[in-house]
Every structure is written in structure tokens, then in C-alpha cells.
file entry28.cif (mmCIF, C-alpha atoms)
data_entry
loop_
_atom_site.label_atom_id
_atom_site.label_comp_id
_atom_site.auth_asym_id
_atom_site.auth_seq_id
_atom_site.Cartn_x
_atom_site.Cartn_y
_atom_site.Cartn_z
CA MET F 1 -30.61 -13.67 -75.91
CA PRO F 2 -33.13 -12.05 -73.53
CA LEU F 3 -32.61 -8.45 -72.42
CA THR F 4 -32.71 -7.95 -68.65
CA ASN F 5 -33.38 -4.23 -69.07
CA PRO F 6 -34.89 -3.63 -72.52
CA TRP F 7 -35.35 0.06 -71.77
CA LEU F 8 -31.54 0.45 -72.00
CA ALA F 9 -31.67 -0.51 -75.69
CA GLY F 10 -32.41 2.05 -78.35
CA PRO F 11 -31.86 5.80 -78.40
CA THR F 12 -31.11 7.68 -75.21
CA PRO F 13 -33.98 9.93 -74.09
CA ASP F 14 -33.28 13.67 -74.06
CA ARG F 15 -35.84 15.03 -71.57
CA ASP F 16 -34.72 16.90 -68.46
CA LEU F 17 -36.11 16.03 -65.05
CA PRO F 18 -38.12 18.77 -63.35
CA ARG F 19 -35.71 20.68 -61.09
CA ASP F 20 -37.44 19.66 -57.84
CA VAL F 21 -37.25 15.97 -58.81
CA LEU F 22 -33.57 16.30 -59.76
CA GLU F 23 -32.81 18.03 -56.46
CA GLU F 24 -34.58 15.27 -54.52
CA ARG F 25 -32.54 12.58 -56.31
CA ILE F 26 -29.25 14.41 -55.65
CA LEU F 27 -30.07 14.91 -51.97
CA ASN F 28 -31.04 11.23 -51.71
CA LEU F 29 -27.68 10.20 -53.17
CA PHE F 30 -25.81 12.51 -50.75
CA SER F 31 -27.78 11.13 -47.79
CA THR F 32 -27.33 7.46 -48.64
CA HIS F 33 -23.57 7.49 -49.25
CA ASN F 34 -20.62 8.84 -47.33
CA THR F 35 -17.54 8.50 -49.52
CA ALA F 36 -16.44 11.04 -52.10
CA VAL F 37 -13.28 11.49 -54.13
CA ILE F 38 -12.06 15.09 -53.86
CA ALA F 39 -9.94 16.37 -56.76
CA THR F 40 -7.60 19.32 -56.25
CA VAL F 41 -4.65 20.73 -58.19
CA LEU F 42 -1.00 20.57 -57.11
CA ALA F 43 1.23 23.64 -57.45
CA ASP F 44 2.68 22.23 -60.70
CA GLY F 45 -0.84 21.97 -62.18
CA SER F 46 -1.17 18.20 -61.95
CA PRO F 47 -4.35 16.78 -60.43
CA VAL F 48 -4.58 14.81 -57.21
CA ALA F 49 -7.65 12.86 -56.08
CA THR F 50 -8.28 11.84 -52.48
CA PRO F 51 -11.08 9.70 -51.05
CA VAL F 52 -12.81 11.24 -48.01
CA ARG F 53 -15.74 10.41 -45.77
CA TYR F 54 -18.18 13.26 -46.21
CA PHE F 55 -21.30 14.67 -44.57
CA SER F 56 -23.86 16.87 -46.29
CA LEU F 57 -26.24 19.74 -45.69
CA GLY F 58 -28.28 20.77 -48.69
CA PHE F 59 -26.07 20.58 -51.76
CA GLU F 60 -22.83 21.17 -49.86
CA ILE F 61 -20.63 18.29 -48.80
CA PHE F 62 -17.97 18.64 -46.15
CA TYR F 63 -15.28 16.63 -44.42
CA THR F 64 -12.68 16.93 -41.68
CA SER F 65 -9.09 17.43 -42.72
CA TRP F 66 -5.78 18.51 -41.27
CA ASN F 67 -4.54 21.89 -42.44
CA ASP F 68 -1.21 20.34 -43.46
CA SER F 69 -2.74 17.70 -45.74
CA VAL F 70 -1.96 17.89 -49.45
CA LYS F 71 -5.61 18.56 -50.35
CA SER F 72 -5.88 21.36 -47.76
CA ARG F 73 -2.69 23.03 -48.97
CA ASN F 74 -3.90 22.76 -52.56
CA LEU F 75 -7.28 24.31 -51.70
CA ARG F 76 -5.67 27.24 -49.86
CA ARG F 77 -3.73 28.02 -53.03
CA ASP F 78 -6.60 27.31 -55.45
CA PRO F 79 -10.12 26.80 -54.01
CA ARG F 80 -11.49 25.19 -57.18
CA VAL F 81 -12.53 21.62 -56.50
CA SER F 82 -14.30 18.69 -58.04
CA ALA F 83 -15.82 15.79 -56.13
CA GLY F 84 -17.24 12.48 -57.25
CA ILE F 85 -19.82 10.39 -55.38
CA VAL F 86 -20.76 7.01 -56.81
CA ALA F 87 -23.24 4.33 -55.78
CA PRO F 88 -22.21 0.67 -56.00
CA LEU F 89 -22.31 -0.47 -59.61
CA VAL F 90 -23.50 -3.90 -60.72
CA GLY F 91 -24.37 -2.98 -64.31
CA GLN F 92 -25.44 -0.05 -66.44
CA ALA F 93 -28.97 -0.13 -65.02
CA SER F 94 -27.58 0.62 -61.55
CA SER F 95 -25.20 3.38 -62.68
CA ARG F 96 -25.79 6.29 -60.30
CA GLY F 97 -23.55 9.08 -59.08
CA ALA F 98 -22.76 12.78 -59.00
CA GLN F 99 -19.88 15.01 -60.00
CA LEU F 100 -19.66 18.30 -58.10
CA PHE F 101 -17.82 21.31 -59.52
CA GLY F 102 -17.27 24.35 -57.34
CA THR F 103 -15.09 25.82 -54.64
CA ALA F 104 -14.00 24.76 -51.18
CA ARG F 105 -13.32 26.68 -48.01
CA THR F 106 -11.96 25.52 -44.67
CA LEU F 107 -13.53 26.56 -41.39
CA GLU F 108 -11.56 26.28 -38.18
CA ARG F 109 -13.50 24.78 -35.27
CA ASP F 110 -13.79 28.16 -33.50
CA ASP F 111 -15.31 29.86 -36.57
CA PRO F 112 -18.96 30.68 -35.70
CA GLU F 113 -20.04 29.45 -39.15
CA ALA F 114 -18.60 25.99 -38.36
CA ASP F 115 -21.25 25.22 -35.72
CA ALA F 116 -24.01 24.69 -38.29
CA TYR F 117 -21.86 22.11 -40.09
CA TRP F 118 -20.52 20.37 -36.97
CA GLU F 119 -24.13 19.59 -36.00
CA ALA F 120 -24.21 17.18 -38.98
CA VAL F 121 -20.81 15.54 -38.37
CA ARG F 122 -20.86 12.21 -36.56
CA TRP F 123 -17.49 12.75 -34.90
CA GLN F 124 -18.31 10.55 -31.91
CA SER F 125 -17.70 7.32 -33.86
CA ASP F 126 -14.23 8.56 -34.85
CA HIS F 127 -13.46 9.35 -31.22
CA VAL F 128 -14.50 5.86 -30.10
CA GLU F 129 -12.36 4.24 -32.82
CA ARG F 130 -9.35 6.30 -31.79
CA GLY F 131 -9.82 5.91 -28.04
CA ARG F 132 -10.80 9.53 -27.46
CA SER F 133 -13.49 10.77 -25.10
CA VAL F 134 -16.92 11.36 -26.66
CA HIS F 135 -17.35 14.17 -24.12
CA GLU F 136 -14.70 16.30 -25.85
CA PRO F 137 -15.85 17.42 -29.32
CA SER F 138 -13.44 17.36 -32.22
CA THR F 139 -11.30 20.40 -32.86
CA ASP F 140 -10.45 19.55 -36.47
CA PRO F 141 -11.18 22.04 -39.23
CA LEU F 142 -13.95 21.31 -41.73
CA THR F 143 -13.62 21.73 -45.47
CA ILE F 144 -16.88 22.69 -47.16
CA VAL F 145 -17.40 22.02 -50.88
CA THR F 146 -19.97 24.40 -52.38
CA PRO F 147 -20.95 23.28 -55.87
CA ALA F 148 -21.78 25.70 -58.66
CA ARG F 149 -22.77 22.73 -60.79
CA ILE F 150 -23.63 19.08 -60.19
CA VAL F 151 -23.77 16.51 -62.97
CA TYR F 152 -26.06 13.73 -61.77
CA THR F 153 -26.05 10.36 -63.54
CA GLU F 154 -28.70 7.68 -63.13
CA HIS F 155 -29.38 5.29 -65.99
CA TRP F 156 -32.62 4.12 -64.36
CA LEU F 157 -34.09 7.48 -65.44
CA ARG F 158 -34.22 6.14 -68.99
CA ARG F 159 -37.14 3.90 -67.95
CA ASP F 160 -39.29 7.00 -67.55
CA GLY F 161 -38.04 8.75 -70.68
CA TYR F 162 -35.45 11.06 -69.05
CA ARG F 163 -31.82 11.49 -70.06
CA PRO F 164 -29.48 9.54 -67.76
CA ARG F 165 -27.22 12.55 -67.19
CA GLN F 166 -28.80 15.66 -65.67
CA THR F 167 -27.15 18.98 -64.73
CA TRP F 168 -28.04 21.03 -61.64
CA ARG F 169 -26.78 24.60 -61.30
CA ALA F 170 -26.70 26.55 -58.05
CA ASP F 171 -27.95 29.67 -59.79
CA GLY F 172 -31.04 27.84 -61.07
CA PRO F 173 -34.57 29.01 -60.29
CA SER F 174 -35.32 26.68 -57.38
CA SER F 175 -31.98 26.25 -55.56
CA GLY F 176 -33.11 28.73 -52.88
CA SER F 177 -32.57 27.56 -49.30
CA LEU F 178 -30.99 24.26 -50.30
CA GLY F 179 -27.68 25.91 -51.21
CA ARG F 180 -25.21 27.28 -48.67
CA VAL F 181 -25.95 26.68 -44.99
CA SER F 182 -26.48 29.69 -42.76
CA ALA F 183 -25.22 29.82 -39.19
CA ASP F 184 -28.26 31.96 -38.24
#
call {"tool": "encode", "arguments": {"input": "entry28.cif", "output": "C-alpha cells"}}
result
Amino acid sequence: MPLTNPWLAGPTPDRDLPRDVLEERILNLFSTHNTAVIATVLADGSPVATPVRYFSLGFEIFYTSWNDSVKSRNLRRDPRVSAGIVAPLVGQASSRGAQLFGTARTLERDDPEADAYWEAVRWQSDHVERGRSVHEPSTDPLTIVTPARIVYTEHWLRRDGYRPRQTWRADGPSSGSLGRVSAD
């Protein structure tokens, strides 16, 4: 039987991508998708996962949420969070996604730090869908997920001799200005 992707056969490569290349691939994934699954912890310690539409700036993802939602209440009690972003999968060769591990914080709309994030939110489409005026900006809070670590998976990397699972850490040597957004 012919192999459609012969480079998937055999041992898995163990080389790491250069950090700048890994960062570019992660940012590309964040920019070309808009749905993440956010995992938080209930008061009894059990996990809960919620799909959200997200936006991104650098390596942070963020979403609008009501303060009374289960995920928001969980994050106020315990800010540790995990998020998963996955590209459509048609086979192992197309396997591509990211797992983010870090903390979350919620910014109310009147928080000066929120302005830098709201610039990237396309709230107007939500307003049109819900019959609201596009001349009155949203007042919802934003929840910002700041990853300490991102596990990036892309099996296509095997073609070039790189391991399909790569780890990015915020405290790495080249994270610099691509980390947390500044309101300055």
C-alpha cells in the first residue's frame, strides 16, 4: 500500500525549532483561528472546559465574558488556566494546535489597561448580530490568558527533521516584547 506521507513513518525526530521560528508558528496559529477551549477548576477541584471565541496580541489570548459565568467565578478563585487551540484535522499530517498553561486575569472595561486589548476585539460584529448599535462600544469585561508555557504541536515539522511537539516558555531568551501587552 502506498504511503501518502512517508516522512511520518520511522522514528520521530528530536530536534527543536529555533525559538524565533517556533514563535512565528505559534503566532500564525493564533492569528488564523479564533476558537479556544478554556479549562478552569471548580471549587470542588473538578475541571470544567468551555469553548470561547478568542482574540490575541502577542502570546496572550483574551475573550469577553460575564463576571457571573462559571469560568469567571472559577478564575477569580484560582487564576490558573489552560487553553487549547486546534486547527481542523484531516489526518496526522495536518495535526496542528497549541496548549497554553498560565494564569488569567479579568479587566473591566473602564480599566486603563483594557484599552490596548479592546483595540484587537472585533466587537462590532457581535453588536450587529444582537441588534445593538455599533456606535456604542461594548462594556463587557475581558479575560486575558497569559501563558507561562505553550506546547505547540505540528506533525508537518517532521518533514524537516523537527520534533512534532515543541515547548515555548515565556521566560525564554527571545520572548521579549511578544509577551504581555503594555497599555503605554
call {"tool": "resolve_selection", "arguments": {"input": "entry28.cif", "expression": "the PyMOL selection byres ((chain F and resi 63) around 7)", "output": "list of chain:residue names"}}
result
F:Val52, F:Arg53, F:Tyr54, F:Phe55, F:Phe62, F:Thr64, F:Ser65, F:Leu142, F:Thr143, F:Ile144
call {"tool": "write_last_selection", "arguments": {"input": "entry28.cif", "atoms": "C-alpha atoms", "output": "mmCIF file, keeping the file's coordinate frame"}}
result
data_model
loop_
_atom_site.group_PDB
_atom_site.id
_atom_site.type_symbol
_atom_site.label_atom_id
_atom_site.label_comp_id
_atom_site.auth_asym_id
_atom_site.auth_seq_id
_atom_site.Cartn_x
_atom_site.Cartn_y
_atom_site.Cartn_z
ATOM 1 C CA VAL F 52 -12.810 11.240 -48.010
ATOM 2 C CA ARG F 53 -15.740 10.410 -45.770
ATOM 3 C CA TYR F 54 -18.180 13.260 -46.210
ATOM 4 C CA PHE F 55 -21.300 14.670 -44.570
ATOM 5 C CA PHE F 62 -17.970 18.640 -46.150
ATOM 6 C CA THR F 64 -12.680 16.930 -41.680
ATOM 7 C CA SER F 65 -9.090 17.430 -42.720
ATOM 8 C CA LEU F 142 -13.950 21.310 -41.730
ATOM 9 C CA THR F 143 -13.620 21.730 -45.470
ATOM 10 C CA ILE F 144 -16.880 22.690 -47.160
#
call {"tool": "atom_distance", "arguments": {"input": "entry28.cif", "atom1": "atom CA of Thr4 of chain F", "atom2": "atom CA of Glu24 of chain F"}}
result
27.2 Å
call {"tool": "atom_distance", "arguments": {"input": "entry28.cif", "atom1": "atom CA of Arg109 of chain F", "atom2": "atom CA of Asn74 of chain F"}}
result
19.9 Å
call {"tool": "residues_near_point", "arguments": {"input": "entry28.cif", "point": "(-22.9, 23.1, -65.2)", "cutoff": "8 Å", "atoms": "only C-alpha atoms", "output": "ChimeraX atom specification"}}
result
/F:101,148-151,167-169
call {"tool": "resolve_selection", "arguments": {"input": "entry28.cif", "expression": "the PyMOL selection byres ((chain F and resi 5-18) around 9)", "output": "list of chain:residue names"}}
result
F:Pro2, F:Leu3, F:Thr4, F:Arg19, F:Asp20, F:Val21, F:Leu22, F:Glu23, F:Gln92, F:Ala93, F:His155, F:Trp156, F:Leu157, F:Arg158, F:Arg159, F:Asp160, F:Gly161, F:Tyr162, F:Arg163, F:Pro164, F:Arg165, F:Gln166, F:Thr167
call {"tool": "write_last_selection", "arguments": {"input": "entry28.cif", "atoms": "C-alpha atoms", "output": "mmCIF file, in the frame of the given file"}}
result
data_model
loop_
_atom_site.group_PDB
_atom_site.id
_atom_site.type_symbol
_atom_site.label_atom_id
_atom_site.label_comp_id
_atom_site.auth_asym_id
_atom_site.auth_seq_id
_atom_site.Cartn_x
_atom_site.Cartn_y
_atom_site.Cartn_z
ATOM 1 C CA PRO F 2 -33.130 -12.050 -73.530
ATOM 2 C CA LEU F 3 -32.610 -8.450 -72.420
ATOM 3 C CA THR F 4 -32.710 -7.950 -68.650
ATOM 4 C CA ARG F 19 -35.710 20.680 -61.090
ATOM 5 C CA ASP F 20 -37.440 19.660 -57.840
ATOM 6 C CA VAL F 21 -37.250 15.970 -58.810
ATOM 7 C CA LEU F 22 -33.570 16.300 -59.760
ATOM 8 C CA GLU F 23 -32.810 18.030 -56.460
ATOM 9 C CA GLN F 92 -25.440 -0.050 -66.440
ATOM 10 C CA ALA F 93 -28.970 -0.130 -65.020
ATOM 11 C CA HIS F 155 -29.380 5.290 -65.990
ATOM 12 C CA TRP F 156 -32.620 4.120 -64.360
ATOM 13 C CA LEU F 157 -34.090 7.480 -65.440
ATOM 14 C CA ARG F 158 -34.220 6.140 -68.990
ATOM 15 C CA ARG F 159 -37.140 3.900 -67.950
ATOM 16 C CA ASP F 160 -39.290 7.000 -67.550
ATOM 17 C CA GLY F 161 -38.040 8.750 -70.680
ATOM 18 C CA TYR F 162 -35.450 11.060 -69.050
ATOM 19 C CA ARG F 163 -31.820 11.490 -70.060
ATOM 20 C CA PRO F 164 -29.480 9.540 -67.760
ATOM 21 C CA ARG F 165 -27.220 12.550 -67.190
ATOM 22 C CA GLN F 166 -28.800 15.660 -65.670
ATOM 23 C CA THR F 167 -27.150 18.980 -64.730
#
call {"tool": "atom_distance", "arguments": {"input": "entry28.cif", "atom1": "atom CA of Gly97 of chain F", "atom2": "atom CA of Asn34 of chain F"}}
result
12.1 Å
call {"tool": "resolve_selection", "arguments": {"input": "entry28.cif", "expression": "the PyMOL selection byres ((chain F and resi 87) around 6)", "output": "list in words"}}
result
Val86, Pro88, Arg96 and Gly97 of chain F
call {"tool": "residues_around", "arguments": {"input": "entry28.cif", "residues": "Gln99 of chain F", "least_positions_apart": "4", "cutoff": "7 Å", "atoms": "only C-alpha atoms", "output": "MDAnalysis selection string"}}
result
chainID F and resid 82:85 150:152
call {"tool": "residues_around", "arguments": {"input": "entry28.cif", "residues": "Thr40 of chain F", "least_positions_apart": "6", "cutoff": "12 Å", "atoms": "all atoms listed in the file", "output": "CSV table (one decimal) with C-alpha atoms, in the frame of the given file"}}
result
chain,number,residue,atom,x,y,z
F,46,SER,CA,-1.2,18.2,-62.0
F,47,PRO,CA,-4.4,16.8,-60.4
F,48,VAL,CA,-4.6,14.8,-57.2
F,49,ALA,CA,-7.6,12.9,-56.1
F,50,THR,CA,-8.3,11.8,-52.5
F,51,PRO,CA,-11.1,9.7,-51.0
F,69,SER,CA,-2.7,17.7,-45.7
F,70,VAL,CA,-2.0,17.9,-49.4
F,71,LYS,CA,-5.6,18.6,-50.4
F,72,SER,CA,-5.9,21.4,-47.8
F,73,ARG,CA,-2.7,23.0,-49.0
F,74,ASN,CA,-3.9,22.8,-52.6
F,75,LEU,CA,-7.3,24.3,-51.7
F,76,ARG,CA,-5.7,27.2,-49.9
F,77,ARG,CA,-3.7,28.0,-53.0
F,78,ASP,CA,-6.6,27.3,-55.4
F,79,PRO,CA,-10.1,26.8,-54.0
F,80,ARG,CA,-11.5,25.2,-57.2
F,81,VAL,CA,-12.5,21.6,-56.5
F,82,SER,CA,-14.3,18.7,-58.0
F,83,ALA,CA,-15.8,15.8,-56.1
F,84,GLY,CA,-17.2,12.5,-57.2
F,101,PHE,CA,-17.8,21.3,-59.5
F,102,GLY,CA,-17.3,24.4,-57.3
F,103,THR,CA,-15.1,25.8,-54.6
F,104,ALA,CA,-14.0,24.8,-51.2
F,145,VAL,CA,-17.4,22.0,-50.9
call {"tool": "closest_residue", "arguments": {"input": "entry28.cif", "among": "F:Ser56, F:Thr106, F:Thr35, F:Ser95", "to": "Asp68 of chain F", "atoms": "all atoms listed in the file"}}
result
F:Thr106
call {"tool": "closest_residue", "arguments": {"input": "entry28.cif", "among": "F:Arg122, F:Arg105, F:His33, F:Arg25", "to": "Ser138 of chain F", "atoms": "all atoms listed in the file"}}
result
F:Arg122
